[in-house]
file my_file.cif (mmCIF, C-alpha atoms and all ligand atoms)
data_query
loop_
_atom_site.group_PDB
_atom_site.id
_atom_site.type_symbol
_atom_site.label_atom_id
_atom_site.label_comp_id
_atom_site.auth_asym_id
_atom_site.auth_seq_id
_atom_site.Cartn_x
_atom_site.Cartn_y
_atom_site.Cartn_z
ATOM 1 C CA MET D 1 140.166 199.560 102.395
ATOM 2 C CA GLU D 2 138.231 198.030 99.492
ATOM 3 C CA LYS D 3 135.201 195.996 100.388
ATOM 4 C CA LEU D 4 135.871 192.295 100.885
ATOM 5 C CA ILE D 5 135.092 189.911 98.035
ATOM 6 C CA ILE D 6 134.112 186.468 99.304
ATOM 7 C CA THR D 7 134.549 183.612 96.847
ATOM 8 C CA VAL D 8 132.951 180.277 97.531
ATOM 9 C CA ALA D 9 134.657 177.174 96.149
ATOM 10 C CA PRO D 10 131.942 174.644 96.938
ATOM 11 C CA THR D 11 133.089 171.460 95.205
ATOM 12 C CA GLY D 12 136.700 171.244 93.985
ATOM 13 C CA SER D 13 138.182 167.992 92.722
ATOM 14 C CA VAL D 14 138.662 166.086 95.958
ATOM 15 C CA PRO D 15 135.818 165.819 98.509
ATOM 16 C CA ARG D 16 133.164 163.224 97.817
ATOM 17 C CA LYS D 17 129.793 162.440 99.355
ATOM 18 C CA LYS D 18 131.424 159.756 101.469
ATOM 19 C CA ASP D 19 133.692 162.446 102.969
ATOM 20 C CA THR D 20 130.930 164.978 103.568
ATOM 21 C CA THR D 21 127.325 164.760 102.455
ATOM 22 C CA TYR D 22 127.383 168.568 102.207
ATOM 23 C CA VAL D 23 129.547 168.659 99.073
ATOM 24 C CA PRO D 24 127.432 169.676 96.054
ATOM 25 C CA VAL D 25 128.286 167.627 92.973
ATOM 26 C CA THR D 26 125.325 167.771 90.573
ATOM 27 C CA PRO D 27 124.383 170.923 88.628
ATOM 28 C CA ASN D 28 121.231 171.285 90.749
ATOM 29 C CA GLU D 29 123.126 170.903 94.008
ATOM 30 C CA ILE D 30 125.784 173.397 92.926
ATOM 31 C CA ALA D 31 123.124 175.938 91.883
ATOM 32 C CA GLU D 32 121.314 175.527 95.217
ATOM 33 C CA THR D 33 124.604 176.054 97.076
ATOM 34 C CA ALA D 34 125.303 179.123 94.934
ATOM 35 C CA TYR D 35 121.948 180.606 95.934
ATOM 36 C CA LEU D 36 122.468 179.938 99.643
ATOM 37 C CA CYS D 37 126.034 181.311 99.593
ATOM 38 C CA GLU D 38 124.924 184.480 97.821
ATOM 39 C CA GLN D 39 122.425 185.049 100.638
ATOM 40 C CA GLU D 40 125.287 184.848 103.148
ATOM 41 C CA GLY D 41 127.594 187.285 101.336
ATOM 42 C CA ALA D 42 129.488 185.451 98.593
ATOM 43 C CA SER D 43 130.010 187.356 95.357
ATOM 44 C CA ILE D 44 132.037 184.853 93.297
ATOM 45 C CA ILE D 45 131.536 181.125 92.808
ATOM 46 C CA HIS D 46 134.543 179.072 91.701
ATOM 47 C CA VAL D 47 132.988 176.186 89.778
ATOM 48 C CA HIS D 48 134.293 172.649 89.407
ATOM 49 C CA CYS D 49 132.049 169.939 87.983
ATOM 50 C CA ARG D 50 131.786 166.202 88.509
ATOM 51 C CA ASP D 51 130.556 163.347 86.364
ATOM 52 C CA GLU D 52 127.940 160.801 87.465
ATOM 53 C CA SER D 53 130.559 158.928 89.500
ATOM 54 C CA GLU D 54 131.617 162.150 91.276
ATOM 55 C CA ASN D 55 134.891 162.222 89.330
ATOM 56 C CA PRO D 56 136.168 165.654 88.219
ATOM 57 C CA THR D 57 135.162 166.532 84.670
ATOM 58 C CA SER D 58 135.724 169.480 82.349
ATOM 59 C CA ASP D 59 132.954 168.351 79.983
ATOM 60 C CA TYR D 60 131.288 171.304 78.278
ATOM 61 C CA ASN D 61 127.723 170.040 78.685
ATOM 62 C CA VAL D 62 128.039 169.512 82.416
ATOM 63 C CA PHE D 63 129.588 172.967 82.873
ATOM 64 C CA LYS D 64 126.964 174.559 80.629
ATOM 65 C CA GLU D 65 124.090 173.075 82.606
ATOM 66 C CA THR D 66 125.713 174.107 85.896
ATOM 67 C CA VAL D 67 126.534 177.658 84.794
ATOM 68 C CA ASP D 68 123.039 178.180 83.342
ATOM 69 C CA LYS D 69 121.416 177.018 86.571
ATOM 70 C CA ILE D 70 123.621 179.277 88.719
ATOM 71 C CA ARG D 71 122.856 182.251 86.458
ATOM 72 C CA LYS D 72 119.142 181.579 86.693
ATOM 73 C CA ARG D 73 119.204 181.719 90.491
ATOM 74 C CA THR D 74 121.917 184.243 91.413
ATOM 75 C CA ARG D 75 123.814 187.391 90.468
ATOM 76 C CA LEU D 76 127.129 185.745 91.404
ATOM 77 C CA ILE D 77 130.277 186.182 89.335
ATOM 78 C CA ILE D 78 130.997 182.783 87.800
ATOM 79 C CA MET D 79 134.604 181.639 87.742
ATOM 80 C CA THR D 80 135.085 178.283 86.046
ATOM 81 C CA SER D 81 138.020 176.039 86.813
ATOM 82 C CA THR D 82 140.535 175.029 84.126
ATOM 83 C CA SER D 83 141.950 172.337 86.370
ATOM 84 C CA GLY D 84 144.291 169.744 84.954
ATOM 85 C CA VAL D 85 142.823 167.206 87.345
ATOM 86 C CA ALA D 86 139.526 167.302 85.454
ATOM 87 C CA GLY D 87 140.731 167.706 81.862
ATOM 88 C CA LYS D 88 143.614 165.782 80.401
ATOM 89 C CA SER D 89 144.495 167.820 77.308
ATOM 90 C CA ASP D 90 144.812 171.602 77.061
ATOM 91 C CA GLU D 91 141.770 171.686 74.771
ATOM 92 C CA LYS D 92 139.724 169.678 77.277
ATOM 93 C CA ARG D 93 140.811 171.975 80.121
ATOM 94 C CA ALA D 94 139.624 174.972 78.088
ATOM 95 C CA GLU D 95 136.109 173.549 77.515
ATOM 96 C CA PRO D 96 134.475 175.286 80.516
ATOM 97 C CA LEU D 97 135.562 178.638 79.004
ATOM 98 C CA ARG D 98 132.971 178.078 76.263
ATOM 99 C CA THR D 99 130.235 178.749 78.832
ATOM 100 C CA ASP D 100 131.319 182.418 78.740
ATOM 101 C CA PRO D 101 132.164 182.867 82.429
ATOM 102 C CA GLU D 102 133.274 186.284 83.645
ATOM 103 C CA MET D 103 136.358 184.765 85.264
ATOM 104 C CA ALA D 104 138.368 181.541 85.171
ATOM 105 C CA SER D 105 141.163 180.066 87.232
ATOM 106 C CA LEU D 106 144.620 179.892 85.661
ATOM 107 C CA THR D 107 147.305 178.024 87.575
ATOM 108 C CA THR D 108 150.673 179.545 86.697
ATOM 109 C CA GLY D 109 153.020 176.703 87.669
ATOM 110 C CA SER D 110 153.318 172.999 88.489
ATOM 111 C CA LEU D 111 153.496 171.258 91.836
ATOM 112 C CA ASN D 112 153.123 167.969 93.636
ATOM 113 C CA PHE D 113 149.742 167.285 95.140
ATOM 114 C CA ALA D 114 151.586 165.148 97.663
ATOM 115 C CA GLY D 115 148.670 164.680 100.023
ATOM 116 C CA ARG D 116 146.433 162.905 97.532
ATOM 117 C CA LYS D 117 146.171 159.154 97.309
ATOM 118 C CA PRO D 118 147.749 158.321 94.920
ATOM 119 C CA SER D 119 149.818 161.503 94.868
ATOM 120 C CA ILE D 120 149.869 163.390 91.581
ATOM 121 C CA VAL D 121 151.882 166.045 89.822
ATOM 122 C CA TYR D 122 149.696 168.977 88.807
ATOM 123 C CA MET D 123 151.327 169.778 85.473
ATOM 124 C CA ASN D 124 151.131 173.254 84.010
ATOM 125 C CA THR D 125 153.826 173.773 81.413
ATOM 126 C CA TRP D 126 154.424 177.276 80.077
ATOM 127 C CA GLU D 127 152.740 176.087 76.846
ATOM 128 C CA THR D 128 149.612 175.004 78.742
ATOM 129 C CA ILE D 129 149.520 178.211 80.748
ATOM 130 C CA THR D 130 149.852 180.473 77.702
ATOM 131 C CA PHE D 131 147.327 178.362 75.736
ATOM 132 C CA LEU D 132 144.715 178.860 78.470
ATOM 133 C CA ALA D 133 145.655 182.531 78.966
ATOM 134 C CA LYS D 134 145.130 183.231 75.253
ATOM 135 C CA LYS D 135 141.717 181.544 75.309
ATOM 136 C CA MET D 136 140.718 183.750 78.247
ATOM 137 C CA LEU D 137 142.044 186.857 76.539
ATOM 138 C CA GLU D 138 140.058 186.060 73.389
ATOM 139 C CA GLY D 139 136.910 185.468 75.428
ATOM 140 C CA LYS D 140 137.406 188.575 77.589
ATOM 141 C CA ILE D 141 137.432 186.278 80.616
ATOM 142 C CA LYS D 142 139.429 187.621 83.543
ATOM 143 C CA PRO D 143 141.916 185.060 84.866
ATOM 144 C CA GLU D 144 142.406 184.447 88.544
ATOM 145 C CA MET D 145 146.069 183.434 88.552
ATOM 146 C CA GLU D 146 146.457 180.652 91.097
ATOM 147 C CA ALA D 147 149.761 180.650 92.963
ATOM 148 C CA PHE D 148 150.579 177.633 95.086
ATOM 149 C CA ASP D 149 154.090 178.927 95.751
ATOM 150 C CA VAL D 150 156.234 182.008 95.284
ATOM 151 C CA GLY D 151 157.551 181.184 91.794
ATOM 152 C CA PHE D 152 153.999 181.027 90.438
ATOM 153 C CA ILE D 153 153.653 184.774 91.042
ATOM 154 C CA GLN D 154 156.647 185.544 88.830
ATOM 155 C CA GLN D 155 155.154 183.384 86.092
ATOM 156 C CA GLY D 156 151.899 185.312 86.420
ATOM 157 C CA ALA D 157 153.730 188.636 86.234
ATOM 158 C CA LYS D 158 155.397 187.383 83.047
ATOM 159 C CA LEU D 159 151.965 186.763 81.490
ATOM 160 C CA VAL D 160 151.043 190.366 82.278
ATOM 161 C CA GLU D 161 154.319 191.672 80.791
ATOM 162 C CA GLN D 162 153.701 189.683 77.626
ATOM 163 C CA GLY D 163 150.205 191.096 77.286
ATOM 164 C CA LEU D 164 148.542 187.700 77.762
ATOM 165 C CA VAL D 165 146.806 188.918 80.915
ATOM 166 C CA THR D 166 145.330 192.406 80.987
ATOM 167 C CA GLN D 167 145.770 194.967 83.752
ATOM 168 C CA PRO D 168 145.080 195.012 86.605
ATOM 169 C CA PRO D 169 146.002 191.370 87.339
ATOM 170 C CA HIS D 170 144.258 189.287 89.972
ATOM 171 C CA PHE D 171 145.921 186.480 91.945
ATOM 172 C CA GLN D 172 144.730 183.631 94.139
ATOM 173 C CA LEU D 173 147.282 182.744 96.820
ATOM 174 C CA VAL D 174 146.651 179.134 97.813
ATOM 175 C CA MET D 175 148.326 178.484 101.141
ATOM 176 C CA GLY D 176 149.025 175.103 102.692
ATOM 177 C CA VAL D 177 148.714 172.533 99.909
ATOM 178 C CA ASP D 178 150.972 169.556 100.727
ATOM 179 C CA GLY D 179 153.583 170.266 98.042
ATOM 180 C CA GLY D 180 153.020 174.025 97.899
ATOM 181 C CA ILE D 181 153.950 176.888 100.208
ATOM 182 C CA PRO D 182 153.142 176.231 103.893
ATOM 183 C CA ALA D 183 150.328 178.325 105.375
ATOM 184 C CA THR D 184 152.123 180.653 107.789
ATOM 185 C CA PRO D 185 151.611 184.383 108.337
ATOM 186 C CA ASP D 186 155.217 185.104 107.264
ATOM 187 C CA ASN D 187 154.730 183.152 104.050
ATOM 188 C CA LEU D 188 151.504 184.939 103.245
ATOM 189 C CA LEU D 189 153.165 188.332 103.754
ATOM 190 C CA HIS D 190 156.028 187.247 101.527
ATOM 191 C CA MET D 191 153.617 186.108 98.798
ATOM 192 C CA LYS D 192 151.716 189.390 99.050
ATOM 193 C CA ASN D 193 154.959 191.361 98.786
ATOM 194 C CA GLN D 194 155.854 189.593 95.517
ATOM 195 C CA LEU D 195 152.661 190.738 93.761
ATOM 196 C CA PRO D 196 152.724 193.420 91.068
ATOM 197 C CA ASP D 197 151.822 196.795 92.641
ATOM 198 C CA ASN D 198 148.397 197.100 91.059
ATOM 199 C CA ALA D 199 147.334 193.487 91.592
ATOM 200 C CA THR D 200 144.299 192.456 93.596
ATOM 201 C CA PHE D 201 144.570 189.203 95.488
ATOM 202 C CA CYS D 202 142.482 186.551 97.142
ATOM 203 C CA VAL D 203 143.684 184.017 99.720
ATOM 204 C CA ALA D 204 142.686 180.386 100.207
ATOM 205 C CA GLY D 205 143.947 178.205 103.063
ATOM 206 C CA ILE D 206 143.814 174.427 102.899
ATOM 207 C CA GLY D 207 142.256 172.340 105.666
ATOM 208 C CA ARG D 208 142.667 173.690 109.172
ATOM 209 C CA TRP D 209 144.553 176.718 107.835
ATOM 210 C CA GLN D 210 141.519 178.050 106.006
ATOM 211 C CA LEU D 211 140.174 180.095 108.898
ATOM 212 C CA ASN D 212 143.393 181.822 109.969
ATOM 213 C CA MET D 213 144.674 182.469 106.425
ATOM 214 C CA THR D 214 141.373 184.002 105.278
ATOM 215 C CA THR D 215 141.130 186.074 108.458
ATOM 216 C CA LEU D 216 144.668 187.364 107.951
ATOM 217 C CA ALA D 217 143.858 188.177 104.321
ATOM 218 C CA THR D 218 140.816 190.128 105.481
ATOM 219 C CA ILE D 219 143.069 192.215 107.745
ATOM 220 C CA LEU D 220 145.703 192.683 105.014
ATOM 221 C CA GLY D 221 143.237 194.087 102.477
ATOM 222 C CA GLY D 222 143.060 190.957 100.347
ATOM 223 C CA HIS D 223 139.982 189.001 99.372
ATOM 224 C CA VAL D 224 139.104 185.509 100.518
ATOM 225 C CA ARG D 225 138.011 182.097 99.308
ATOM 226 C CA VAL D 226 136.246 179.575 101.502
ATOM 227 C CA GLY D 227 134.320 176.401 100.813
ATOM 228 C CA LEU D 228 134.576 172.651 100.772
ATOM 229 C CA GLU D 229 137.123 172.595 97.918
ATOM 230 C CA ASP D 230 139.730 173.726 100.446
ATOM 231 C CA ASN D 231 138.341 172.564 103.782
ATOM 232 C CA ILE D 232 135.384 170.425 104.858
ATOM 233 C CA TYR D 233 135.655 170.937 108.651
ATOM 234 C CA TYR D 234 134.004 173.947 110.234
ATOM 235 C CA ASP D 235 135.546 172.998 113.552
ATOM 236 C CA LYS D 236 137.363 169.934 114.868
ATOM 237 C CA GLY D 237 135.317 166.949 113.681
ATOM 238 C CA LYS D 238 132.371 169.138 112.626
ATOM 239 C CA LEU D 239 131.300 169.100 108.986
ATOM 240 C CA ALA D 240 129.192 171.943 107.602
ATOM 241 C CA PRO D 241 127.670 173.170 104.332
ATOM 242 C CA ASN D 242 129.368 175.828 102.218
ATOM 243 C CA GLU D 243 127.000 178.608 103.246
ATOM 244 C CA GLU D 244 128.054 178.290 106.894
ATOM 245 C CA PHE D 245 131.675 178.940 105.941
ATOM 246 C CA VAL D 246 130.605 181.996 103.948
ATOM 247 C CA ALA D 247 128.466 183.246 106.838
ATOM 248 C CA ARG D 248 131.352 182.895 109.296
ATOM 249 C CA THR D 249 133.685 184.765 106.934
ATOM 250 C CA ARG D 250 131.185 187.579 106.692
ATOM 251 C CA ARG D 251 130.737 187.772 110.474
ATOM 252 C CA ILE D 252 134.499 187.965 111.020
ATOM 253 C CA ALA D 253 134.885 190.673 108.369
ATOM 254 C CA GLU D 254 132.118 192.712 109.944
ATOM 255 C CA GLU D 255 133.710 192.394 113.386
ATOM 256 C CA LEU D 256 136.945 193.618 111.794
ATOM 257 C CA GLN D 257 134.972 196.525 110.334
ATOM 258 C CA ARG D 258 135.570 195.487 106.758
ATOM 259 C CA GLU D 259 132.459 195.687 104.626
ATOM 260 C CA VAL D 260 131.542 192.807 102.338
ATOM 261 C CA ALA D 261 131.098 193.466 98.609
ATOM 262 C CA THR D 262 127.964 192.586 96.681
ATOM 263 C CA PRO D 263 128.458 190.818 93.324
ATOM 264 C CA GLU D 264 128.016 194.174 91.524
ATOM 265 C CA GLU D 265 130.600 195.842 93.782
ATOM 266 C CA ALA D 266 132.962 192.922 93.225
ATOM 267 C CA ARG D 267 132.635 193.380 89.449
ATOM 268 C CA LYS D 268 133.744 197.001 89.843
ATOM 269 C CA ILE D 269 136.646 196.167 92.164
ATOM 270 C CA LEU D 270 137.929 193.539 89.711
ATOM 271 C CA GLY D 271 137.225 195.597 86.592
ATOM 272 C CA LEU D 272 135.013 192.963 85.000
ATOM 273 C CA ARG D 273 133.007 193.541 81.863
ATOM 274 C CA ALA D 274 129.241 193.752 82.233
ATOM 275 C CA ARG D 275 127.484 190.494 82.994
ATOM 276 C CA PRO D 276 127.023 188.773 79.608
ATOM 277 C CA PHE D 277 123.247 188.228 79.747
HETATM 278 ZN ZN ZN G 1 139.572 174.986 92.095
#

call {"tool": "encode", "arguments": {"input": "my_file.cif", "output": "structure tokens"}}
result
Amino acid sequence: MEKLIITVAPTGSVPRKKDTTYVPVTPNEIAETAYLCEQEGASIIHVHCRDESENPTSDYNVFKETVDKIRKRTRLIIMTSTSGVAGKSDEKRAEPLRTDPEMASLTTGSLNFAGRKPSIVYMNTWETITFLAKKMLEGKIKPEMEAFDVGFIQQGAKLVEQGLVTQPPHFQLVMGVDGGIPATPDNLLHMKNQLPDNATFCVAGIGRWQLNMTTLATILGGHVRVGLEDNIYYDKGKLAPNEEFVARTRRIAEELQREVATPEEARKILGLRARPF
């Protein structure tokens, strides 16, 4: 089995300091978290940024400062978000790509974020998806195609067929969003079975499903994402910093006799270009 790639998603769009003081929101806090998570075995950091009021932002300057600070302190693969929660227009959503990350997230469908207050529709029209895919192709940025449900995988495969995403494709299977596919072992197997043959995949589980979905992915030969974007509770009622989630993931993988990849090994597994600096 390939070595396990651990992605940390430390911030996301949702948790705030009032929810957990451990969530890093400033560029300095995110860079410090990146450093600590690298020490514990992470090889990718999935970056979201916030403005001064902790609201999600896709502002270039904030991303640039954050990415530069992470690069100064770590060898991590940087994967910027192109979330529609942070940026309103397609152009705005593409701004973080100007920081020249090695990877970026690309959600390949729309869904209800039914659990948010107020609930929102996460809109990703085919036009938006192909706009962002083309930007990534031009920048030689490898997309991580985010699938919140089964149909998203077919849309991702279509991007590959149309040459908008290069081979081999990489998917993120996000399990358990309220509005997306429920986080069950059967559902994860079904999602995995829909992937193109040569695809690599990572699994994220939301809330209390994080631990069992990432453990199952580790057994199935997938890669995993942990961090406060998806889940802030280490255990019932117990908050913890990102690095503790990474450390636990590593311990479980080692008990399961699956080695954990370094950032350089992860670059090889994913077929990334050389680090651009
Ligand atoms: Zn994200």

call {"tool": "residues_near_ligand", "arguments": {"input": "my_file.cif", "ligand": "ligand ZN 1 (chain G)", "cutoff": "7 Å", "atoms": "all atoms listed in the file", "output": "compact mmCIF listing (two decimals) with C-alpha atoms, in the coordinates of the input"}}
result
# COMPACT_ATOMS: atom_id res chain seq x y z
CA ALA D 9 134.66 177.17 96.15
CA GLY D 12 136.70 171.24 93.98
CA HIS D 46 134.54 179.07 91.70
CA HIS D 48 134.29 172.65 89.41
CA SER D 81 138.02 176.04 86.81
CA SER D 83 141.95 172.34 86.37
CA GLU D 229 137.12 172.60 97.92

call {"tool": "atom_distance", "arguments": {"input": "my_file.cif", "atom1": "CA of Gly163 (chain D)", "atom2": "CA of Thr128 (chain D)"}}
result
16.2 Å

call {"tool": "atom_distance", "arguments": {"input": "my_file.cif", "atom1": "CA of Leu164 (chain D)", "atom2": "CA of Glu144 (chain D)"}}
result
12.8 Å

call {"tool": "closest_residue", "arguments": {"input": "my_file.cif", "among": "D:Ile45, D:Glu40, D:Arg73, D:Ser13", "to": "Ser58 (chain D)", "atoms": "all atoms listed in the file"}}
result
D:Ser13

call {"tool": "closest_atom_pairs", "arguments": {"input": "my_file.cif", "of": "region 174-272 of chain D", "to": "region 19-34 of chain D", "cutoff": "12 Å", "atoms": "only C-alpha atoms", "output": "Markdown table"}}
result
| residue | atom | partner | partner_atom | distance |
| --- | --- | --- | --- | --- |
| D:Gly227 | CA | D:Val23 | CA | 9.3 |
| D:Leu228 | CA | D:Val23 | CA | 6.6 |
| D:Glu229 | CA | D:Val23 | CA | 8.6 |
| D:Asp230 | CA | D:Val23 | CA | 11.5 |
| D:Asn231 | CA | D:Thr20 | CA | 10.6 |
| D:Ile232 | CA | D:Thr20 | CA | 7.2 |
| D:Tyr233 | CA | D:Thr20 | CA | 9.1 |
| D:Tyr234 | CA | D:Thr20 | CA | 11.6 |
| D:Gly237 | CA | D:Thr20 | CA | 11.2 |
| D:Lys238 | CA | D:Thr20 | CA | 10.1 |
| D:Leu239 | CA | D:Thr20 | CA | 6.8 |
| D:Ala240 | CA | D:Tyr22 | CA | 6.6 |
| D:Pro241 | CA | D:Tyr22 | CA | 5.1 |
| D:Asn242 | CA | D:Thr33 | CA | 7.0 |
| D:Glu243 | CA | D:Thr33 | CA | 7.1 |
| D:Glu244 | CA | D:Thr33 | CA | 10.6 |
| D:Phe245 | CA | D:Thr33 | CA | 11.7 |
| D:Val246 | CA | D:Ala34 | CA | 10.8 |

call {"tool": "closest_residue", "arguments": {"input": "my_file.cif", "among": "D:Leu211, D:Ala217, D:Ala199, D:Ala114", "to": "Asn187 (chain D)", "atoms": "all atoms listed in the file"}}
result
D:Ala217

call {"tool": "resolve_selection", "arguments": {"input": "my_file.cif", "expression": "the PyMOL selection byres (((chain D and resi 60) around 9) and not hetatm)", "output": "VMD selection string"}}
result
chain D and resid 57 to 59 61 to 65 92 95 to 99

call {"tool": "resolve_selection", "arguments": {"input": "my_file.cif", "expression": "the PyMOL selection byres (((chain D and resi 74) around 8) and not hetatm)", "output": "list in words"}}
result
Ala34, Tyr35, Glu38, Ile70, Arg71, Lys72, Arg73, Arg75 and Leu76 of chain D

call {"tool": "atom_distance", "arguments": {"input": "my_file.cif", "atom1": "CA of Ile44 (chain D)", "atom2": "CA of Ile5 (chain D)"}}
result
7.6 Å

call {"tool": "closest_residue", "arguments": {"input": "my_file.cif", "among": "D:Pro185, D:Gly176, D:Pro263, D:Pro168", "to": "Gln39 (chain D)", "atoms": "all atoms listed in the file"}}
result
D:Pro263

call {"tool": "resolve_selection", "arguments": {"input": "my_file.cif", "expression": "the PyMOL selection byres (((chain D and resi 270) around 12) and not hetatm)", "output": "PyMOL selection string"}}
result
chain D and resi 2-5+43-44+77+102-103+141-144+166-171+198-202+223+261+263-269+271-274

call {"tool": "closest_residue", "arguments": {"input": "my_file.cif", "among": "D:Ile6, D:Cys37, D:Ala157, D:Ile129", "to": "Gly222 (chain D)", "atoms": "only C-alpha atoms"}}
result
D:Ile6

call {"tool": "closest_residue", "arguments": {"input": "my_file.cif", "among": "D:Lys88, D:Arg16, D:Lys135, D:His190", "to": "Glu54 (chain D)", "atoms": "all atoms listed in the file"}}
result
D:Arg16

call {"tool": "closest_residue", "arguments": {"input": "my_file.cif", "among": "D:Phe148, D:Gly41, D:Thr108, D:Glu161", "to": "Ile181 (chain D)", "atoms": "only C-alpha atoms"}}
result
D:Phe148

call {"tool": "residues_around", "arguments": {"input": "my_file.cif", "residues": "Thr125 (chain D)", "least_positions_apart": "6", "cutoff": "12 Å", "atoms": "all atoms listed in the file", "output": "list in words"}}
result
Gly84, Ser89, Asp90, Leu106, Thr107, Thr108, Gly109, Ser110, Leu111, Phe131, Leu132, Phe152 and Gln155 of chain D
